[in-house]
Amino acid sequence: MSNNNQNNNVPKGKFNPYWVYGAILVLFLAGQFYSMVKLGPKETSFQQFQTEYLKNNDVSKIVIVNKDIAQVYIKEEVLQNNDTYKDVKKGPLGDEVNPGPHYQFQIGDLQNFENKMDKDRTANNLDFTIEYDTQKDVWGDLIGWLLPIILMIAVWIFIMRRMSGGAGGGAGGQIFNIGKSKAKLFDQNSDVKTTFENVAGLEGAKEEVEEIVSFLKEPEKYTSLGGKIPKGALLVGPPGTGKTLLAKAVAGEAKVPFFSLSGSDFVEMFVGVGASRVRDLFKQAKEKSPAIIFIDEIDAIGRARGKNQITGGNDERENTLNQLLTEMDGFQTDTNVIVLAATNRADILDKALLRAGRFDRQIFVDLPDLNERQGIFKVHLKPIKYDKDLDLDFLAKQTPGFSGADIANVCNEAALIAARHNKKSVEKQDFLDAVDRIIGGLEKKNKIITPNEKKTIAFHEAGHATVSWLLEHAAPLVKVTIVPRGQSLGAAWYLPEERQITTTDQILDEMCATLAGRAAESVVFGKVSTGALNDLEKVTKQARALVTVYGLNDKIGNITYYDSSGQGEYNFTKPYSEETARTIDIEIKKIIDTQYLRAVSIIEENVDKLNELAEALLKDEVIFKENLLKIFGDRPHEKNRLMDNETDAKVESEKDDDSHKENTSEVSSSKS
């Protein structure tokens, strides 16, 4: 019985009728070649025919074919008794005399040839006869007529199969399957190894997704009280936070058919193809219901309609979206099909797509906090041989603002760094180097920098470190380096305070610390360089946000011009008057100038300590928090700061590039 089961499980090759057509064509061409090469008369010349065959009276007859070719027949008794013609003596089977024709040649002008034959016949008393025949190459003409048509059909089939994305046997293949869905089906027979155990740091989102799986496994538990199963759930969050990973876990956990595809799979150059694929997708899902459909990057087809009249509307995309809206909540709503979708651009999705009854739930997948980062490290460290004394809490604290994908990259990069140094296990320093490598880039110690440039970079970075250390709300320093890394000539690492809301004083302190690099150059050298380009870009954005977004400017007042719906990008007019625009520009410049003068004042008051810090940088190229403690002592406002490292914060980075674009990275890598 087991042998039978094993035999039944052996996959059988699919029969393809094209194989039969190919075999017939090969046999036909082989027959034609054999008949032409093996059975045809042997080529000769007119001179050889006249001096050897005709002169000896060995020719029985000559057949003029199509007034162009002379086919020569040798007498039967001559073939049997004369070895001169042994090459044409045998027939096709090799055991009888070849009946002919035996030789052939081009005659040129027919009348001249006939006159020569008459003269030879009379002069030598020859007894051959001359006959005339007209022959047609039926197969050659047929092939010449059919071959272009066959080639055109073959090219058309190839193009259609390529556009339909399908291979496959069966008559016609997938020529007409361009409107079919491209979704991949995963069910209980599929080998999907990702489960909810592989998902860490997304507890809230994981609970809601697990409940969706429970809806399909035990629908009676919910419908018995009169409830209805949700039609869809939208996973929303920044890139790399694990939206697709959650969908993979659902595919691995759900014991129901799971259809997975991308939003771009609906997009096609032909009109109506997207809507047709949506219909086919839901048709397959309804036939296998209960089922789950997962559409990754749904913003490819779910963008708000009617936003591009100026550039010419994409009717095909809108038709696809209309069909999706109808399938999700149309007249036929009695099938248990749940739609999961993921996007990081929920603000641009059509409102009809987000309403209740279609995507009933929006599951926000945020960046992980401290405890969630620990869990993510545990998951990604499973396949890595790391030092048993490694402190996961320390690693989690050093990676604020990192997404799950970033943490996975840190673990992989640390393993590569350890292998590069021939270590037996991955150590703590490897992880710190991996964070530096990801944020700042690879160290370039052999990059040529002049002594003056190196001195300017050192005082620039020392200015950032000095002011950030002395201000209450600026991020505390972790490490400063003037070793070129990636595109930067120098970088400073800070551990920002993890907070959910920000006050005006906090923003102003951050702006002051950002401008401190240029302020240090001005105070020490009396001139400034282009190294503060990224600094200026950052503070300009912060000042503009203070004035136009957060309503933190006294002159403008409690007004915001921020449009959370994302529809403002389609407008060609500003939401404020020219007078207000002039006021905004003035206030932005006033804020930046004030903080720059503030940074200059702090640098001038501590110029001796700045020089000492810069000299340490020039000597060691890298300084840490301990160096600042030794030079400046404890931070003046350290006791007033709320050191809560269990909240989430963005990693802000600024680097110097090859044209002195200075970028100070606020990250969490510490070698202290």
# chains A, B, ... in the order shown; residues from 1 in each chain; ligands from 1

call {"tool": "residues_around", "arguments": {"residues": "range 506-516 of chain A", "least_positions_apart": "3", "cutoff": "6 Å", "atoms": "only C-alpha atoms", "output": "mmCIF file with N, CA and C atoms, in the first residue's frame"}}
result
data_model
loop_
_atom_site.group_PDB
_atom_site.id
_atom_site.type_symbol
_atom_site.label_atom_id
_atom_site.label_comp_id
_atom_site.auth_asym_id
_atom_site.auth_seq_id
_atom_site.Cartn_x
_atom_site.Cartn_y
_atom_site.Cartn_z
ATOM 1 N N GLY A 463 32.732 71.471 18.008
ATOM 2 C CA GLY A 463 31.700 72.469 18.281
ATOM 3 C C GLY A 463 30.351 71.825 18.533
ATOM 4 N N HIS A 464 29.982 70.845 17.722
ATOM 5 C CA HIS A 464 28.735 70.108 17.957
ATOM 6 C C HIS A 464 28.746 69.462 19.341
ATOM 7 N N VAL A 467 28.498 72.191 22.427
ATOM 8 C CA VAL A 467 27.201 72.829 22.653
ATOM 9 C C VAL A 467 26.148 71.802 23.062
ATOM 10 N N SER A 468 26.153 70.632 22.424
ATOM 11 C CA SER A 468 25.172 69.613 22.800
ATOM 12 C C SER A 468 25.380 69.139 24.236
ATOM 13 N N HIS A 473 18.439 70.358 26.582
ATOM 14 C CA HIS A 473 17.581 69.465 25.810
ATOM 15 C C HIS A 473 18.271 68.854 24.596
ATOM 16 N N ALA A 474 19.547 69.158 24.383
ATOM 17 C CA ALA A 474 20.256 68.546 23.262
ATOM 18 C C ALA A 474 20.593 67.099 23.590
ATOM 19 N N THR A 503 8.769 69.915 22.806
ATOM 20 C CA THR A 503 8.444 71.304 23.130
ATOM 21 C C THR A 503 9.301 72.253 22.295
ATOM 22 N N ALA A 519 29.404 77.560 13.923
ATOM 23 C CA ALA A 519 29.768 78.587 14.906
ATOM 24 C C ALA A 519 31.201 78.391 15.385
ATOM 25 N N ALA A 520 31.610 77.136 15.600
ATOM 26 C CA ALA A 520 32.979 76.864 16.041
ATOM 27 C C ALA A 520 33.977 77.272 14.965
ATOM 28 N N ASP A 535 23.733 70.636 7.964
ATOM 29 C CA ASP A 535 23.280 71.312 9.185
ATOM 30 C C ASP A 535 22.260 72.391 8.844
ATOM 31 N N VAL A 539 18.251 72.562 10.065
ATOM 32 C CA VAL A 539 17.682 73.621 10.907
ATOM 33 C C VAL A 539 16.637 74.421 10.134
ATOM 34 N N GLN A 595 19.476 81.279 17.067
ATOM 35 C CA GLN A 595 20.141 80.073 17.567
ATOM 36 C C GLN A 595 21.613 80.033 17.148
ATOM 37 N N TYR A 596 21.921 80.599 16.004
ATOM 38 C CA TYR A 596 23.320 80.645 15.592
ATOM 39 C C TYR A 596 24.121 81.562 16.517
ATOM 40 N N ALA A 599 24.694 79.805 19.699
ATOM 41 C CA ALA A 599 25.780 78.828 19.610
ATOM 42 C C ALA A 599 27.133 79.524 19.634
#

call {"tool": "select_by_dssp", "arguments": {"residues": "range 275-387 of chain A", "states": "alpha helix (DSSP H)", "output": "VMD selection string"}}
result
chain A and resid 275 to 287 299 to 302 315 to 328 351 to 354 370 to 380

call {"tool": "select_by_dssp", "arguments": {"residues": "range 429-615 of chain A", "states": "strand (DSSP E)", "output": "number ranges by chain"}}
result
A: 477-481, 491-494

call {"tool": "write_last_selection", "arguments": {"atoms": "N, CA and C atoms", "output": "compact mmCIF listing (two decimals), in the first residue's frame"}}
result
# COMPACT_ATOMS: atom_id res chain seq x y z
N LEU A 477 26.11 63.11 23.92
CA LEU A 477 27.10 62.56 23.00
C LEU A 477 27.43 61.11 23.35
N VAL A 478 27.69 60.32 22.33
CA VAL A 478 28.18 58.97 22.50
C VAL A 478 29.60 58.85 21.97
N LYS A 479 29.82 59.33 20.75
CA LYS A 479 31.13 59.20 20.13
C LYS A 479 31.27 60.25 19.03
N VAL A 480 32.50 60.76 18.85
CA VAL A 480 32.81 61.68 17.76
C VAL A 480 34.05 61.15 17.05
N THR A 481 34.04 61.19 15.72
CA THR A 481 35.18 60.72 14.95
C THR A 481 35.42 61.66 13.78
N ALA A 491 31.95 62.46 11.71
CA ALA A 491 30.59 62.20 12.19
C ALA A 491 30.58 62.19 13.70
N ALA A 492 29.42 62.50 14.25
CA ALA A 492 29.23 62.47 15.70
C ALA A 492 27.99 61.64 15.99
N TRP A 493 28.08 60.75 16.95
CA TRP A 493 26.98 59.88 17.33
C TRP A 493 26.37 60.37 18.64
N TYR A 494 25.07 60.54 18.63
CA TYR A 494 24.34 60.99 19.81
C TYR A 494 23.24 59.98 20.14

call {"tool": "residues_around", "arguments": {"residues": "range 97-112 of chain A", "least_positions_apart": "2", "cutoff": "7 Å", "atoms": "only C-alpha atoms", "output": "number ranges by chain"}}
result
A: 41-46, 67-74, 88-91, 114-116

call {"tool": "write_last_selection", "arguments": {"atoms": "N, CA and C atoms", "output": "mmCIF file, in the first residue's frame"}}
result
data_model
loop_
_atom_site.group_PDB
_atom_site.id
_atom_site.type_symbol
_atom_site.label_atom_id
_atom_site.label_comp_id
_atom_site.auth_asym_id
_atom_site.auth_seq_id
_atom_site.Cartn_x
_atom_site.Cartn_y
_atom_site.Cartn_z
ATOM 1 N N PRO A 41 19.870 12.344 -58.344
ATOM 2 C CA PRO A 41 20.971 12.096 -59.292
ATOM 3 C C PRO A 41 22.233 12.844 -58.885
ATOM 4 N N LYS A 42 23.352 12.274 -59.296
ATOM 5 C CA LYS A 42 24.636 12.856 -58.941
ATOM 6 C C LYS A 42 24.954 14.010 -59.882
ATOM 7 N N GLU A 43 25.498 15.077 -59.334
ATOM 8 C CA GLU A 43 25.855 16.236 -60.130
ATOM 9 C C GLU A 43 27.097 15.933 -60.977
ATOM 10 N N THR A 44 27.072 16.363 -62.214
ATOM 11 C CA THR A 44 28.222 16.221 -63.105
ATOM 12 C C THR A 44 28.306 17.468 -63.971
ATOM 13 N N SER A 45 29.268 17.501 -64.889
ATOM 14 C CA SER A 45 29.427 18.646 -65.782
ATOM 15 C C SER A 45 29.124 18.233 -67.221
ATOM 16 N N PHE A 46 28.881 19.213 -68.055
ATOM 17 C CA PHE A 46 28.572 18.927 -69.464
ATOM 18 C C PHE A 46 29.783 18.326 -70.173
ATOM 19 N N LYS A 67 13.319 22.777 -68.946
ATOM 20 C CA LYS A 67 14.148 23.494 -69.910
ATOM 21 C C LYS A 67 15.439 24.033 -69.300
ATOM 22 N N ASP A 68 15.891 23.393 -68.213
ATOM 23 C CA ASP A 68 17.044 23.940 -67.487
ATOM 24 C C ASP A 68 18.039 22.862 -67.089
ATOM 25 N N ILE A 69 17.544 21.719 -66.698
ATOM 26 C CA ILE A 69 18.389 20.651 -66.161
ATOM 27 C C ILE A 69 18.276 19.424 -67.060
ATOM 28 N N ALA A 70 19.411 18.809 -67.350
ATOM 29 C CA ALA A 70 19.448 17.561 -68.113
ATOM 30 C C ALA A 70 19.718 16.410 -67.157
ATOM 31 N N GLN A 71 18.778 15.465 -67.086
ATOM 32 C CA GLN A 71 18.937 14.274 -66.254
ATOM 33 C C GLN A 71 19.335 13.110 -67.166
ATOM 34 N N VAL A 72 20.449 12.459 -66.829
ATOM 35 C CA VAL A 72 21.060 11.434 -67.682
ATOM 36 C C VAL A 72 20.745 10.050 -67.126
ATOM 37 N N TYR A 73 20.291 9.146 -68.014
ATOM 38 C CA TYR A 73 19.995 7.756 -67.655
ATOM 39 C C TYR A 73 21.040 6.866 -68.340
ATOM 40 N N ILE A 74 21.766 6.093 -67.556
ATOM 41 C CA ILE A 74 22.768 5.160 -68.074
ATOM 42 C C ILE A 74 22.085 3.830 -68.387
ATOM 43 N N VAL A 88 26.736 5.126 -58.829
ATOM 44 C CA VAL A 88 25.293 5.319 -59.064
ATOM 45 C C VAL A 88 24.618 4.016 -59.457
ATOM 46 N N LYS A 89 25.332 2.900 -59.283
ATOM 47 C CA LYS A 89 24.826 1.607 -59.751
ATOM 48 C C LYS A 89 23.699 1.088 -58.886
ATOM 49 N N LYS A 90 23.845 1.149 -57.548
ATOM 50 C CA LYS A 90 22.878 0.544 -56.631
ATOM 51 C C LYS A 90 21.670 1.453 -56.437
ATOM 52 N N GLY A 91 20.527 0.812 -56.169
ATOM 53 C CA GLY A 91 19.302 1.537 -55.893
ATOM 54 C C GLY A 91 19.237 1.979 -54.448
ATOM 55 N N GLU A 114 20.379 21.230 -77.736
ATOM 56 C CA GLU A 114 19.748 20.297 -78.672
ATOM 57 C C GLU A 114 20.589 20.156 -79.952
ATOM 58 N N ASN A 115 21.125 21.261 -80.457
ATOM 59 C CA ASN A 115 21.955 21.191 -81.666
ATOM 60 C C ASN A 115 23.206 20.347 -81.432
ATOM 61 N N LYS A 116 23.841 20.522 -80.265
ATOM 62 C CA LYS A 116 25.030 19.724 -79.963
ATOM 63 C C LYS A 116 24.695 18.240 -79.886
#

call {"tool": "residues_around", "arguments": {"residues": "Ala352 in chain A", "least_positions_apart": "3", "cutoff": "12 Å", "atoms": "only C-alpha atoms", "output": "PDB file with C-alpha atoms, in the first residue's frame"}}
result
ATOM      1  CA  GLY A 302      -5.452  52.324  -4.361  1.00  0.00           C
ATOM      2  CA  ARG A 303      -4.477  55.959  -4.885  1.00  0.00           C
ATOM      3  CA  ALA A 304      -7.215  58.535  -4.537  1.00  0.00           C
ATOM      4  CA  ARG A 305      -9.163  58.940  -7.773  1.00  0.00           C
ATOM      5  CA  LEU A 321      -9.687  50.315  -8.092  1.00  0.00           C
ATOM      6  CA  ASN A 322     -13.408  50.497  -8.887  1.00  0.00           C
ATOM      7  CA  LEU A 324     -11.657  46.127  -6.206  1.00  0.00           C
ATOM      8  CA  LEU A 325     -14.154  48.301  -4.312  1.00  0.00           C
ATOM      9  CA  THR A 326     -17.044  46.390  -5.851  1.00  0.00           C
ATOM     10  CA  MET A 328     -14.815  43.927  -1.444  1.00  0.00           C
ATOM     11  CA  ASP A 329     -18.298  45.234  -0.673  1.00  0.00           C
ATOM     12  CA  ILE A 348      -2.803  58.753  -0.422  1.00  0.00           C
ATOM     13  CA  LEU A 349      -5.330  55.908  -0.490  1.00  0.00           C
ATOM     14  CA  ARG A 355     -14.369  53.061   4.806  1.00  0.00           C
ATOM     15  CA  ALA A 356     -15.964  50.526   7.126  1.00  0.00           C
ATOM     16  CA  GLY A 357     -17.240  47.521   5.222  1.00  0.00           C
ATOM     17  CA  ARG A 358     -14.123  47.303   3.096  1.00  0.00           C
ATOM     18  CA  PHE A 359     -11.069  47.735   5.259  1.00  0.00           C
ATOM     19  CA  ASP A 360     -12.839  47.551   8.598  1.00  0.00           C
TER      20      ASP A 360
END

call {"tool": "closest_atom_pairs", "arguments": {"of": "range 221-241 of chain A", "to": "range 191-209 of chain A", "cutoff": "9 Å", "atoms": "only C-alpha atoms", "output": "tab-separated table"}}
result
residue	atom	partner	partner_atom	distance
A:Ala233	CA	A:Val209	CA	8.3
A:Leu235	CA	A:Ala205	CA	8.4
A:Thr241	CA	A:Leu202	CA	8.6

call {"tool": "write_last_selection", "arguments": {"atoms": "all heavy atoms", "output": "mmCIF file, in the first residue's frame"}}
result
data_model
loop_
_atom_site.group_PDB
_atom_site.id
_atom_site.type_symbol
_atom_site.label_atom_id
_atom_site.label_comp_id
_atom_site.auth_asym_id
_atom_site.auth_seq_id
_atom_site.Cartn_x
_atom_site.Cartn_y
_atom_site.Cartn_z
ATOM 1 N N ALA A 233 -8.455 44.097 6.449
ATOM 2 C CA ALA A 233 -7.596 44.768 7.430
ATOM 3 C C ALA A 233 -6.407 45.353 6.691
ATOM 4 O O ALA A 233 -5.793 44.687 5.844
ATOM 5 C CB ALA A 233 -7.127 43.789 8.507
ATOM 6 N N LEU A 235 -2.682 46.962 6.937
ATOM 7 C CA LEU A 235 -1.469 47.111 7.737
ATOM 8 C C LEU A 235 -0.753 48.375 7.297
ATOM 9 O O LEU A 235 -0.358 48.510 6.134
ATOM 10 C CB LEU A 235 -0.556 45.893 7.557
ATOM 11 C CG LEU A 235 -1.157 44.537 7.940
ATOM 12 C CD1 LEU A 235 -0.227 43.404 7.536
ATOM 13 C CD2 LEU A 235 -1.435 44.479 9.435
ATOM 14 N N THR A 241 9.012 47.654 9.119
ATOM 15 C CA THR A 241 8.476 47.378 10.458
ATOM 16 C C THR A 241 7.833 46.003 10.570
ATOM 17 O O THR A 241 7.459 45.604 11.671
ATOM 18 C CB THR A 241 7.449 48.455 10.848
ATOM 19 O OG1 THR A 241 6.490 48.606 9.798
ATOM 20 C CG2 THR A 241 8.138 49.791 11.088
#

call {"tool": "residues_around", "arguments": {"residues": "Gly633 in chain A", "least_positions_apart": "5", "cutoff": "12 Å", "atoms": "only C-alpha atoms", "output": "JSON, numbers by chain"}}
result
{"A": [466, 469, 470, 609, 625, 626, 627, 628, 638]}

call {"tool": "write_last_selection", "arguments": {"atoms": "C-alpha atoms", "output": "PDB file, in the first residue's frame"}}
result
ATOM      1  CA  THR A 466      30.559  71.122  23.124  1.00  0.00           C
ATOM      2  CA  TRP A 469      26.902  68.753  26.092  1.00  0.00           C
ATOM      3  CA  LEU A 470      26.130  72.129  27.664  1.00  0.00           C
ATOM      4  CA  LYS A 609      37.625  73.546  26.374  1.00  0.00           C
ATOM      5  CA  LYS A 625      31.694  60.383  26.361  1.00  0.00           C
ATOM      6  CA  GLU A 626      34.499  59.910  28.901  1.00  0.00           C
ATOM      7  CA  ASN A 627      36.608  62.559  27.146  1.00  0.00           C
ATOM      8  CA  LEU A 628      33.842  65.141  27.545  1.00  0.00           C
ATOM      9  CA  GLU A 638      21.797  66.246  33.757  1.00  0.00           C
TER      10      GLU A 638
END

call {"tool": "residues_around", "arguments": {"residues": "Leu185 in chain A", "least_positions_apart": "3", "cutoff": "7 Å", "atoms": "only C-alpha atoms", "output": "list in words"}}
result
Pro257, Phe258, Phe259 and Ser260 of chain A

call {"tool": "closest_residue", "arguments": {"among": "A:Val410, A:Ile24, A:Val523, A:Val339", "to": "Phe459 in chain A", "atoms": "only C-alpha atoms"}}
result
A:Val523

call {"tool": "residues_around", "arguments": {"residues": "Lys424 in chain A", "least_positions_apart": "5", "cutoff": "8 Å", "atoms": "only C-alpha atoms", "output": "list in words"}}
result
Lys385, Ala418 and Ala419 of chain A

call {"tool": "closest_residue", "arguments": {"among": "A:Lys136, A:Lys619, A:Lys231, A:Lys221", "to": "Lys455 in chain A", "atoms": "only C-alpha atoms"}}
result
A:Lys619

call {"tool": "atom_distance", "arguments": {"atom1": "CA of Ile559 in chain A", "atom2": "CA of Val547 in chain A"}}
result
8.5 Å

call {"tool": "closest_residue", "arguments": {"among": "A:Asp387, A:Asp296, A:Asp393, A:Glu497", "to": "Lys428 in chain A", "atoms": "only C-alpha atoms"}}
result
A:Asp387
